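Colleague: If you scroll down you'll find the structure; I have some questions about it.
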2 protein chains.
Amino acid sequence: MTTDAARPARRTRLTPERERELYAAVLELLREVGYDALTMDAVAARTRSSKATLYRQWKGKPELVVAALRDNHPVRAGNVDTGSLAGDLREVARRLCKKADDTALMRGITHAAERNPELGRAMRETLIQPEMDALHRMLDRAVERGELAPDRPAAHFLSEMITGALLTRPMLEDRHADEPYLLAYFDAVVLPALGVEG
Amino acid sequence: MTTDAARPARRTRLTPERERELYAAVLELLREVGYDALTMDAVAARTRSSKATLYRQWKGKPELVVAALRDNHPVRAGNVDTGSLAGDLREVARRLCKKADDTALMRGITHAAERNPELGRAMRETLIQPEMDALHRMLDRAVERGELAPDRPAAHFLSEMITGALLTRPMLEDRHADEPYLLAYFDAVVLPALGVEG
């Protein structure tokens, strides 16, 4: 009894496999019903877990959804370091394409975040800021190597240029931003704006 | 009797004032309930018109909504002609900012268009293509004046650069793309990518 009391339930950790199962179920539900209609009850039912477990492990629905998205996140710019800025950016372009199917999912979530400030905050903290930090480190390395001018104005808009390319094509042309498109965009827009030779 | 038969009801035109009232009601409803939940019944009720009138004048809900959006459209790049590409683009940036409140509305519609192919088609035909054509004419004039190289790759991505700037800031930073932001983006990204001097 004393042993149980000393090991309170809230310290219980899910196994990585179990966590991944839960995240997969959350993404499945997101695709099926969208963020607004997704409930913790539905996640609990589909994963045969208790709502208490879900709330213990994650603070609430925005945090659970964002954790699931991060687990499935299409870019991890943090691991990209090819030795040149042009190479790094092209690798980012390739990684962005690999999960093109997730574009609709991310756009749905982005739309939901406009109406749900808590979701927007969780997304910015957990998904967006780490990527922006990684992109800034990429630019800092390019400045250190002498590839990029330290005061180049376009450097402040790198995230905007990248995100813009991903979001715009589906809207303007009803086509995914695939690898040839993104590589062409990076060569035509991003590198010249940064004043960097391909 | 013969006179009435010769003037069938479907030829009746709404007055411009009445049309504008209808469009205003459609935009009001769009902001309140979003595209999916907007019904022709609700438009008819709010504008005290018959559904028959609405269907006679517009083919259906996607066409009515897109006509209302066009009436309220934030950019009309077609009228911009300042004599220089830098001037034209800065004027486009200024016009884009004037109706920043519409960003949420347009993003909602864009999201709805992913699930409604007819809406997507109507948007591309009525809203997007005319703007893209106007931007291409702007670029053609710059080539004719010798400001822009005729084979500059970034010219193919002008719409993407512009739309990206508008959509990305609200998502990444939870702030509107206001005039100082857009002008800075145009100077830092769009003009250098096009190889045009500010």
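Identifiers for the structure tokens are assigned positionally: chains receive A, B, ... in sequence, residues are indexed from 1 per chain, and ligands are indexed from 1 in the order shown.
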Residues within 12 Å of region 33-36 of chain A, please, as a PyMOL selection string. Count only C-alpha atoms; anything in the same chain fewer than 2 positions from it doesn't count.

Modeller: (chain A and resi 26-31+38-40+42-43+61-62+64-66+69+104-116+119) or (chain B and resi 111+115)

Colleague: Neighbouring residues of Leu127 (chain A) were defined as those with any atom within 12 Å, considering only C-alpha atoms; residues of the same chain fewer than 2 positions away were excluded. Please report them as a PyMOL selection string.

Modeller: (chain A and resi 63+65-77+106+109-110+119-125+129-134) or (chain B and resi 171-172)

Colleague: At a cut-off of 9 Å, which residues of chain B touch chain A? Count only C-alpha atoms and give the answer as a ChimeraX atom specification.

Modeller: /B:104,107-108,110-111,113-114,120-121,124,128-129,152-157,159-174,184-185,187-195

Colleague: Select from region 36-169 of chain B everything DSSP, run on the backbone, classes as alpha helix (DSSP H), then give the selection as number ranges by chain.

Modeller: B: 36-37, 40-47, 51-57, 61-71, 85-98, 102-115, 117-123, 129-144, 158-169

Colleague: What is the CA of Asp81 (chain B)-CA of Ala177 (chain B) distance in Å, reported with one decimal?

Modeller: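 Computing it gives 23.1 Å between the two atoms.
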
Colleague: Please report the interatomic distance between CA of His176 (chain B) and CA of Leu182 (chain A) in Å with one decimal.

Modeller: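 Spanning CA of His176 (chain B) to CA of Leu182 (chain A) is a straight-line distance of 25.4 Å.
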